[in-house]
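model-v2.txt follows (compact mmCIF, C-alpha atoms):
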# COMPACT_ATOMS: atom_id res chain seq x y z
CA MET A 1 -24.36 37.59 -9.92
CA SER A 2 -21.37 37.78 -7.60
CA ASN A 3 -20.07 34.58 -6.02
CA ARG A 4 -18.99 36.49 -2.89
CA LEU A 5 -20.94 37.39 0.24
CA ARG A 6 -20.20 39.66 3.17
CA ASN A 7 -20.33 38.56 6.77
CA SER A 8 -21.39 40.81 9.65
CA SER A 9 -17.93 42.35 9.96
CA GLY A 10 -17.90 43.32 6.29
CA ASP A 11 -15.18 40.83 5.28
CA ASN A 12 -15.48 39.00 2.00
CA PHE A 13 -15.47 35.24 1.85
CA LEU A 14 -16.08 32.82 -0.98
CA LYS A 15 -19.57 31.44 -1.41
CA THR A 16 -19.91 27.91 -2.73
CA ILE A 17 -22.10 28.25 -5.80
CA THR A 18 -24.89 25.76 -6.45
CA LEU A 19 -26.56 24.31 -9.52
CA LYS A 20 -29.38 26.82 -9.01
CA ASP A 21 -26.91 29.73 -8.98
CA ILE A 22 -25.48 28.61 -12.34
CA ALA A 23 -28.96 28.05 -13.79
CA ASP A 24 -30.21 31.48 -12.65
CA GLU A 25 -27.13 33.26 -13.98
CA LEU A 26 -27.29 31.57 -17.41
CA GLY A 27 -31.07 31.60 -17.71
CA ILE A 28 -31.46 27.85 -18.11
CA SER A 29 -33.03 25.11 -16.02
CA LYS A 30 -31.32 23.48 -13.06
CA SER A 31 -31.79 20.06 -14.65
CA THR A 32 -29.93 21.22 -17.76
CA VAL A 33 -26.99 22.36 -15.61
CA SER A 34 -27.03 19.02 -13.80
CA ARG A 35 -26.96 17.05 -17.07
CA VAL A 36 -24.03 19.09 -18.39
CA LEU A 37 -21.96 18.66 -15.24
CA SER A 38 -22.72 14.94 -14.96
CA GLY A 39 -22.08 14.34 -18.65
CA THR A 40 -25.50 12.80 -19.25
CA GLY A 41 -28.30 13.63 -21.65
CA ARG A 42 -28.30 15.47 -24.98
CA ILE A 43 -27.23 19.10 -24.63
CA SER A 44 -26.23 21.56 -27.34
CA GLU A 45 -22.51 22.30 -27.59
CA GLU A 46 -23.17 26.02 -27.00
CA THR A 47 -25.07 25.39 -23.74
CA ARG A 48 -22.54 22.81 -22.58
CA LYS A 49 -19.67 25.24 -23.12
CA LYS A 50 -21.47 28.07 -21.31
CA VAL A 51 -22.13 25.88 -18.25
CA LEU A 52 -18.64 24.40 -18.09
CA ASP A 53 -16.95 27.77 -18.54
CA TYR A 54 -19.09 29.38 -15.84
CA ALA A 55 -18.48 26.47 -13.45
CA ALA A 56 -14.72 26.66 -14.03
CA ASP A 57 -14.59 30.46 -13.68
CA HIS A 58 -16.48 30.34 -10.37
CA ASP A 59 -14.68 27.28 -8.95
CA TYR A 60 -17.85 25.20 -8.80
CA ARG A 61 -17.52 22.10 -6.60
CA PRO A 62 -20.26 19.48 -6.34
CA ASN A 63 -21.95 19.03 -2.98
CA LEU A 64 -20.85 15.49 -2.21
CA VAL A 65 -22.99 15.31 0.92
CA ALA A 66 -26.15 16.01 -1.05
CA LYS A 67 -24.99 13.78 -3.88
CA GLY A 68 -24.26 11.01 -1.41
CA LEU A 69 -27.74 11.25 0.07
CA ALA A 70 -29.28 11.12 -3.38
CA THR A 71 -27.21 8.14 -4.51
CA SER A 72 -26.87 6.35 -1.12
CA ARG A 73 -23.11 6.75 -1.30
CA SER A 74 -20.75 7.90 1.44
CA TYR A 75 -17.87 8.86 -0.90
CA ASN A 76 -15.54 7.13 1.57
CA ILE A 77 -13.11 4.30 0.84
CA GLY A 78 -12.40 2.04 3.79
CA VAL A 79 -8.66 1.33 4.16
CA ILE A 80 -7.84 -1.56 6.49
CA LEU A 81 -4.46 -1.21 8.18
CA PRO A 82 -2.83 -3.71 10.57
CA ASP A 83 -3.00 -3.19 14.32
CA GLU A 84 -1.37 0.17 15.07
CA ASN A 85 0.47 -1.05 18.17
CA VAL A 86 2.54 -3.48 16.10
CA TYR A 87 2.82 -1.92 12.65
CA SER A 88 2.49 1.84 13.11
CA ASP A 89 6.19 2.39 12.38
CA ILE A 90 6.27 0.51 9.08
CA PRO A 91 6.93 2.89 6.15
CA PHE A 92 5.16 0.54 3.70
CA PHE A 93 1.73 1.38 5.11
CA HIS A 94 2.45 5.12 5.28
CA ARG A 95 3.45 5.20 1.61
CA CYS A 96 0.62 2.91 0.60
CA LEU A 97 -1.94 5.14 2.33
CA ALA A 98 -0.45 8.22 0.66
CA GLY A 99 -0.97 6.66 -2.78
CA ILE A 100 -4.55 5.69 -1.93
CA THR A 101 -5.37 9.13 -0.54
CA ARG A 102 -4.05 11.06 -3.55
CA GLU A 103 -5.93 8.94 -6.07
CA ALA A 104 -9.16 8.87 -4.04
CA ALA A 105 -9.11 12.64 -3.50
CA SER A 106 -8.72 13.25 -7.23
CA LYS A 107 -12.08 11.53 -7.72
CA GLY A 108 -13.88 13.16 -4.78
CA TYR A 109 -13.42 10.32 -2.29
CA ASP A 110 -11.82 10.25 1.15
CA PRO A 111 -10.09 7.37 2.94
CA LEU A 112 -11.71 6.01 6.09
CA ILE A 113 -9.07 4.27 8.23
CA LEU A 114 -9.95 0.93 9.80
CA VAL A 115 -7.58 -0.88 12.16
CA SER A 116 -7.66 -4.67 12.06
CA GLU A 117 -5.95 -6.81 14.67
CA ASP A 118 -4.77 -9.94 12.88
CA ASN A 119 -7.85 -11.42 11.14
CA SER A 120 -10.53 -9.57 13.12
CA THR A 121 -13.62 -8.22 11.34
CA ASP A 122 -15.06 -6.20 14.26
CA HIS A 123 -14.21 -2.71 12.96
CA LEU A 124 -15.09 -3.63 9.38
CA GLU A 125 -18.49 -5.04 10.39
CA ARG A 126 -19.35 -1.82 12.20
CA VAL A 127 -18.40 0.35 9.23
CA LEU A 128 -20.39 -1.78 6.80
CA MET A 129 -23.48 -1.87 9.04
CA GLN A 130 -23.45 1.92 9.25
CA ASN A 131 -22.87 2.34 5.47
CA LYS A 132 -19.78 4.46 6.09
CA ALA A 133 -17.75 3.16 3.12
CA ASP A 134 -18.64 2.44 -0.51
CA GLY A 135 -15.71 0.08 -0.98
CA VAL A 136 -12.72 -1.29 0.92
CA ILE A 137 -8.97 -1.73 0.39
CA ILE A 138 -7.17 -4.38 2.48
CA THR A 139 -3.48 -3.49 2.85
CA ARG A 140 -2.23 -6.75 4.41
CA LEU A 141 -3.60 -10.11 3.35
CA MET A 142 -3.91 -12.97 5.84
CA GLU A 143 -4.14 -16.69 5.17
CA ASP A 144 -7.82 -17.75 5.26
CA ASP A 145 -8.78 -14.07 5.51
CA SER A 146 -12.11 -13.62 7.34
CA ARG A 147 -12.40 -10.02 6.11
CA ILE A 148 -12.55 -11.21 2.51
CA ARG A 149 -15.31 -13.64 3.39
CA LEU A 150 -17.29 -10.83 5.02
CA LEU A 151 -16.87 -8.50 2.05
CA LYS A 152 -17.94 -11.20 -0.39
CA GLU A 153 -20.98 -12.07 1.73
CA THR A 154 -22.07 -8.40 1.84
CA SER A 155 -21.24 -7.78 -1.87
CA VAL A 156 -19.13 -4.73 -0.98
CA PRO A 157 -16.50 -3.94 -3.69
CA PHE A 158 -12.96 -4.43 -2.41
CA ILE A 159 -9.32 -4.60 -3.50
CA VAL A 160 -6.45 -6.42 -1.79
CA ILE A 161 -2.87 -5.15 -1.69
CA GLY A 162 -1.13 -8.49 -1.52
CA SER A 163 -1.22 -11.87 -3.24
CA GLY A 164 -3.41 -14.85 -2.45
CA THR A 165 -4.83 -17.94 -4.10
CA GLU A 166 -8.55 -17.27 -3.61
CA ASP A 167 -10.58 -16.88 -6.80
CA GLY A 168 -12.53 -13.72 -7.54
CA VAL A 169 -10.29 -11.41 -5.53
CA CYS A 170 -8.79 -8.35 -7.22
CA GLN A 171 -5.16 -8.10 -6.07
CA VAL A 172 -2.41 -5.51 -6.44
CA ASP A 173 1.09 -6.62 -5.52
CA THR A 174 4.68 -7.20 -6.43
CA ASP A 175 5.33 -10.83 -7.33
CA ASN A 176 6.89 -11.43 -3.91
CA GLU A 177 7.79 -15.07 -4.49
CA GLU A 178 9.53 -14.30 -7.77
CA ALA A 179 11.26 -11.24 -6.29
CA SER A 180 12.52 -13.26 -3.31
CA PHE A 181 13.77 -16.03 -5.63
CA SER A 182 15.57 -13.60 -7.94
CA PHE A 183 17.06 -11.63 -5.02
CA THR A 184 18.33 -14.77 -3.25
CA GLU A 185 19.71 -16.12 -6.54
CA GLN A 186 21.68 -12.91 -7.10
CA LEU A 187 23.10 -13.06 -3.57
CA ILE A 188 24.23 -16.64 -4.19
CA GLU A 189 25.78 -15.62 -7.52
CA ARG A 190 27.68 -12.95 -5.57
CA GLY A 191 29.30 -15.68 -3.49
CA CYS A 192 26.98 -16.26 -0.53
CA ARG A 193 26.83 -19.92 0.52
CA ARG A 194 25.40 -20.01 4.05
CA LEU A 195 22.16 -18.05 4.17
CA LEU A 196 20.10 -17.26 7.26
CA LEU A 197 16.51 -16.07 6.66
CA LEU A 198 14.54 -14.31 9.39
CA CYS A 199 10.94 -13.57 8.42
CA GLY A 200 7.65 -12.73 10.08
CA PRO A 201 4.61 -14.92 10.90
CA LEU A 202 3.66 -17.31 8.12
CA ASP A 203 -0.07 -16.67 8.48
CA ILE A 204 0.67 -13.39 6.68
CA THR A 205 0.68 -14.22 2.97
CA VAL A 206 3.60 -12.03 1.93
CA ASN A 207 5.89 -13.74 4.47
CA ARG A 208 4.91 -17.18 3.18
CA LEU A 209 5.56 -16.13 -0.43
CA ARG A 210 8.95 -14.59 0.36
CA LYS A 211 9.98 -17.73 2.24
CA ALA A 212 8.90 -19.91 -0.70
CA GLY A 213 10.98 -17.88 -3.15
CA PHE A 214 14.01 -18.07 -0.87
CA GLU A 215 13.68 -21.84 -0.55
CA LYS A 216 13.40 -22.30 -4.33
CA ALA A 217 16.62 -20.36 -4.92
CA VAL A 218 18.53 -22.32 -2.26
CA ALA A 219 17.23 -25.62 -3.69
CA LYS A 220 18.40 -24.60 -7.17
CA TYR A 221 21.96 -24.12 -5.92
CA GLY A 222 22.03 -26.94 -3.36
CA GLU A 223 24.51 -28.99 -5.37
CA LYS A 224 26.94 -26.07 -5.29
CA GLY A 225 27.26 -26.22 -1.53
CA VAL A 226 24.58 -23.65 -0.67
CA SER A 227 22.84 -24.24 2.68
CA CYS A 228 20.36 -22.28 4.75
CA LYS A 229 18.50 -21.88 8.02
CA ILE A 230 15.06 -20.31 8.35
CA CYS A 231 13.62 -18.62 11.44
CA ALA A 232 9.99 -17.55 11.05
CA GLU A 233 7.51 -15.97 13.46
CA ASN A 234 9.63 -12.88 14.13
CA ASN A 235 7.32 -10.12 15.39
CA VAL A 236 9.40 -7.77 17.53
CA ALA A 237 13.04 -6.84 18.09
CA GLU A 238 13.43 -9.42 20.86
CA ASP A 239 12.52 -12.23 18.44
CA VAL A 240 15.14 -11.08 15.94
CA ILE A 241 17.87 -10.75 18.58
CA ARG A 242 17.08 -14.17 20.06
CA ASN A 243 17.23 -15.88 16.66
CA LEU A 244 20.46 -14.14 15.68
CA THR A 245 22.05 -15.19 18.96
CA GLU A 246 20.81 -18.78 18.85
CA ASN A 247 21.97 -19.25 15.26
CA ALA A 248 25.37 -17.59 15.55
CA SER A 249 27.07 -21.00 15.34
CA PHE A 250 25.59 -21.53 11.86
CA GLY A 251 28.20 -19.09 10.57
CA ALA A 252 25.97 -17.35 8.03
CA ASP A 253 27.76 -15.35 5.36
CA CYS A 254 24.45 -13.72 4.38
CA MET A 255 21.58 -12.68 6.65
CA ILE A 256 18.30 -12.04 4.82
CA PHE A 257 15.41 -10.38 6.62
CA GLY A 258 11.77 -10.63 5.57
CA ASP A 259 11.25 -6.87 5.62
CA ASP A 260 12.77 -3.52 6.49
CA VAL A 261 11.58 -3.49 10.10
CA LEU A 262 13.13 -6.85 11.00
CA CYS A 263 16.35 -5.79 9.28
CA SER A 264 16.49 -2.48 11.15
CA HIS A 265 15.98 -4.32 14.47
CA ALA A 266 19.02 -6.45 13.67
CA MET A 267 21.17 -3.50 12.61
CA GLU A 268 20.26 -1.50 15.71
CA TRP A 269 21.25 -4.45 17.90
CA ILE A 270 24.56 -4.81 16.04
CA GLU A 271 25.32 -1.10 16.52
CA LYS A 272 24.23 -1.08 20.17
CA ASN A 273 26.58 -3.94 20.98
CA ASN A 274 29.48 -2.36 19.05
CA LEU A 275 29.75 -5.42 16.83
CA THR A 276 31.63 -5.19 13.55
CA LEU A 277 30.23 -7.06 10.61
CA PRO A 278 32.94 -9.09 8.87
CA GLU A 279 33.50 -8.09 5.28
CA ASN A 280 32.23 -11.48 4.12
CA VAL A 281 28.82 -11.17 5.80
CA GLN A 282 26.10 -9.67 3.62
CA ILE A 283 22.95 -8.04 5.07
CA ALA A 284 19.81 -8.06 2.93
CA SER A 285 16.12 -7.14 3.22
CA LEU A 286 13.23 -8.41 1.11
CA TYR A 287 11.66 -4.95 1.32
CA ASN A 288 13.44 -1.61 1.02
CA SER A 289 12.45 1.61 2.83
CA SER A 290 13.77 4.74 4.50
CA LEU A 291 14.42 2.71 7.65
CA LEU A 292 17.45 1.18 5.95
CA GLU A 293 18.97 4.34 4.47
CA ARG A 294 21.20 5.09 7.45
CA TYR A 295 23.00 1.74 7.21
CA GLY A 296 24.20 2.06 3.62
CA CYS A 297 25.37 -1.54 3.22
CA VAL A 298 21.97 -3.30 3.13
CA HIS A 299 20.93 -4.97 -0.13
CA ALA A 300 17.18 -4.83 -0.72
CA VAL A 301 14.17 -5.52 -2.93
CA ASP A 302 12.70 -2.16 -3.88
CA ALA A 303 8.95 -1.98 -4.59
CA ASP A 304 6.87 1.19 -4.81
CA ALA A 305 4.24 1.04 -2.04
CA SER A 306 2.79 4.39 -3.10
CA ALA A 307 2.23 3.04 -6.62
CA ALA A 308 0.52 -0.03 -5.14
CA GLY A 309 -1.80 2.20 -3.12
CA LYS A 310 -2.59 4.37 -6.14
CA ALA A 311 -3.30 1.32 -8.30
CA ALA A 312 -5.56 -0.20 -5.64
CA ALA A 313 -7.57 3.02 -5.38
CA GLU A 314 -7.85 3.31 -9.18
CA LEU A 315 -9.15 -0.25 -9.43
CA LEU A 316 -11.64 0.19 -6.60
CA LEU A 317 -13.02 3.38 -8.12
CA LYS A 318 -13.46 1.55 -11.43
CA LYS A 319 -15.36 -1.22 -9.66
CA LEU A 320 -17.57 1.37 -7.95
CA ALA A 321 -18.31 2.82 -11.41
CA GLY A 322 -19.41 -0.60 -12.62
CA GLU A 323 -16.32 -1.32 -14.72
CA ASN A 324 -14.66 -4.72 -15.00
CA VAL A 325 -11.11 -5.01 -13.67
CA SER A 326 -8.43 -7.69 -13.79
CA ASP A 327 -7.96 -9.87 -10.71
CA ARG A 328 -4.17 -9.88 -11.08
CA ASN A 329 -2.33 -6.53 -11.11
CA VAL A 330 1.45 -6.63 -10.72
CA ILE A 331 3.65 -3.77 -9.49
CA ARG A 332 7.24 -3.76 -10.73
CA TYR A 333 10.21 -4.15 -8.42
CA SER A 334 13.98 -3.73 -8.63
CA LEU A 335 16.91 -5.32 -6.80
CA VAL A 336 19.33 -2.92 -5.13
CA PHE A 337 22.81 -4.08 -4.13
CA ARG A 338 24.98 -1.82 -2.02
CA ASP A 339 28.62 -2.47 -1.26
CA SER A 340 29.93 -0.68 1.80
CA SER A 341 32.42 1.31 -0.30
CA ALA A 342 29.80 2.20 -2.91
CA ALA A 343 27.28 3.12 -0.23
CA ARG A 344 29.65 5.69 1.24
CA CYS A 345 29.80 7.34 -2.16
CA GLY A 346 26.03 7.23 -2.54
CA MET A 347 26.19 4.62 -5.27
CA ALA A 348 24.29 1.35 -5.65
CA ASP A 349 23.86 -1.32 -8.29
CA GLU A 350 20.23 -1.71 -9.35
CA ILE A 351 18.84 -4.60 -11.35

Would you mind writing the file's structure down as C-alpha cells?
Amino acid sequence: MSNRLRNSSGDNFLKTITLKDIADELGISKSTVSRVLSGTGRISEETRKKVLDYAADHDYRPNLVAKGLATSRSYNIGVILPDENVYSDIPFFHRCLAGITREAASKGYDPLILVSEDNSTDHLERVLMQNKADGVIITRLMEDDSRIRLLKETSVPFIVIGSGTEDGVCQVDTDNEEASFSFTEQLIERGCRRLLLLCGPLDITVNRLRKAGFEKAVAKYGEKGVSCKICAENNVAEDVIRNLTENASFGADCMIFGDDVLCSHAMEWIEKNNLTLPENVQIASLYNSSLLERYGCVHAVDADASAAGKAAAELLLKKLAGENVSDRNVIRYSLVFRDSSAARCGMADEI
C-alpha cells in the first residue's frame, strides 16, 4: 500500500500513516501494532521487527492529539517566564527556553509559555483549570512563591529553575551563593579592596543568594582591609545610574553587578558619558551572557542556561512518567576573568 495520495491537482503529498494502515499492510491486528509501538505486551521478535521496520520506512508518527484524548494528556509543558515588559531582553530566559524546547520536542511535547508578573498566579490558574499543561517549569523563583503553593495544592508535577529552601521542590540551578562567594574571593585575591555590589530585588531568590555569597567573601577578608557597599532593588537602568552616581565617593576599585543586564546598563551609561574607567577599577557580573561580549573587560560567572533548561525538561518528563527524581540538581559554572589587554586578543582566564 502506498503512503502517498494525490490531491485534486494531481500533486503528490505525504499521507500520515495510521496504526490501521500498518496493521492492514502487515496482516496483523491493530492492537498488536499498538503494543509493539508502545513497548508493552508480549510480542514475537519477528512481528516486532516487521512493525518497527515498516514504521521507520514510512516515517510513522503517533497522533498525539488522539493519544492525548485517550490518556487525558495535553502533551504541553507550561513554562513560566517573568513579566515580558521587564525581562524580555534577558538572554538567560531565551537560552533556558531553548534548552527546554529541544528536550521537550524530542519526547513529543511542546512548551506552553506563561507570563507571570512577580508572584501572580492568574495565568497559571487559567492554564491548570483548562487542563492545557501536563506539568510546569518555573524559570524564576520568588521568595514565598505563591505559584509553588498552587502547584502543590493541585498536585501538578513541576520543576523550578532556581534555588530555594522549601522541602519537596525539585530544583535545577547553579549554586549561586557558592559561585558568588568564589567569584568575589578571586576578585579580592586579584587586589580588589573596595567593592560595590549592585543587585536586583531581594524578593527574587537568586539575588538574595548572590548577595549572601558576596557578603561571606567580604567578611572572610575583612581583616585585610576589604570593605564594601551594597545597593539592592535595582530594576531598570535609571536605578543603576542613580546608585553609581550616589556612591561615587565610596571610591570602589571593583564594581560587581548582580547580572548581565544590570552590568550592561552601567557600561552603556559609562560609554554614553565618555567616561574612562581607571585601570584599577574592575567591572564584574555575577552572570555572563552575550550582552557583555562587546565590552571585553568584564569578569563574569559563566553558567549554561540552556543546560539548565534541558535538565529541567528531562526531570519533568521523568516525573510525568512516574519516575522518582532528586530534589537538588546542580549545574556547573566557571569563573571568567578578562583583562583589557587579553580581551582585545580574544583571550580570557577561566577557572

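The residue that comes closest to Ile188 in chain A, out of A:Ile148, A:Val169, A:Ile90, A:Ile256 and on the basis of all atoms listed in the file, is A:Ile256.
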
**Shortest interatomic distance to Phe158 in chain A - which of A:Gly251, A:Gly78, A:Gly191, A:Gly296, counting only C-alpha atoms** =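 Between A:Gly251, A:Gly78, A:Gly191, A:Gly296, the residue approaching Phe158 in chain A most closely is A:Gly78.
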
**Prompt:** Quick one: residues within 12 Å of Ala105 in chain A, all atoms listed in the file counted, chain neighbours fewer than 2 positions away excluded, as a VMD selection string?
**Reply:** chain A and resid 75 to 77 97 to 103 107 to 112 310 313 to 314 317

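For the pair CA of Ala305 in chain A and CA of His94 in chain A, the separation is 8.6 Å.
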
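Taking CA of Phe181 in chain A and CA of Ala303 in chain A as the two end points, the separation is 14.9 Å.
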
**Request:** Write out as a list of chain:residue names which residues come within 12 Å of Arg208 in chain A when counting only C-alpha atoms, dropping same-chain ones fewer than 4 positions away.
**Result:**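 Skipping anything fewer than 4 positions along the chain leaves A:Leu141, A:Met142, A:Glu143, A:Gly162, A:Ser163, A:Gly164, A:Asn176, A:Glu177, A:Ser180, A:Leu198, A:Cys199, A:Gly200, A:Pro201, A:Leu202, A:Asp203, A:Ile204, A:Ala212, A:Gly213, A:Phe214, A:Glu215, A:Ile230, A:Ala232, A:Glu233, A:Gly258.
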
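Of the residues under consideration (A:Thr184, A:Ser227, A:Thr154, A:Thr32), A:Thr184 shows the shortest atom-to-atom contact distance to Ala284 in chain A when counting only C-alpha atoms.
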
**Request:** Would you mind reading off the distance between CA of Ile331 in chain A and CA of Ser285 in chain A, one decimal, in Å?
**Result:**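 Going from CA of Ile331 in chain A over to CA of Ser285 in chain A, I get 18.1 Å.
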
**Asked** Which of these, A:Arg328, A:His299, A:Lys319, A:Lys49, has the shortest distance to Leu187 in chain A once you count all atoms listed in the file?
**Response**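 Counting all atoms listed in the file, the residue closest to Leu187 in chain A is A:His299.
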
**Request:** For each of A:Leu128, A:Leu195, A:Ser334, A:Gly41, take the minimum atom-to-atom distance to Gln282 in chain A, counting all atoms listed in the file, then give the residue where this is smallest.
**Result:**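 Of all the options, A:Leu195 lies closest to Gln282 in chain A.
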
**Request:** Tell me which of A:Thr174, A:Ser264, A:Asn243, A:Ser29 sits closest to Arg210 in chain A, counting all atoms listed in the file.
**Result:**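 Result for the nearest residue to Arg210 in chain A: A:Thr174.
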
**Request:** List the neighbours of Phe93 in chain A out to 12 Å using all atoms listed in the file; skip same-chain residues closer than 2 positions along the sequence, and give me the result as an MDAnalysis selection string.
**Result:** chainID A and resid 79:84 87:91 95:101 113 115 138:140 161 289 304:309

**Message:** Using only C-alpha atoms, which protein or nucleic acid residues come within 9 Å of Arg48 in chain A? Drop anything in the same chain fewer than 5 positions from it, and give the result as a PyMOL selection string.
**Reply:** chain A and resi 32-33+36-37+43+53

**Message:** If we count all atoms listed in the file and set the cut-off at 7 Å, which residues sit around Asn119 in chain A, ignoring sequence neighbours fewer than 5 positions away in its own chain? Please answer as a list of chain:residue names.
**Reply:**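 Counting only the stated atoms, we get A:Met142, A:Asp145, A:Ser146, A:Arg147.
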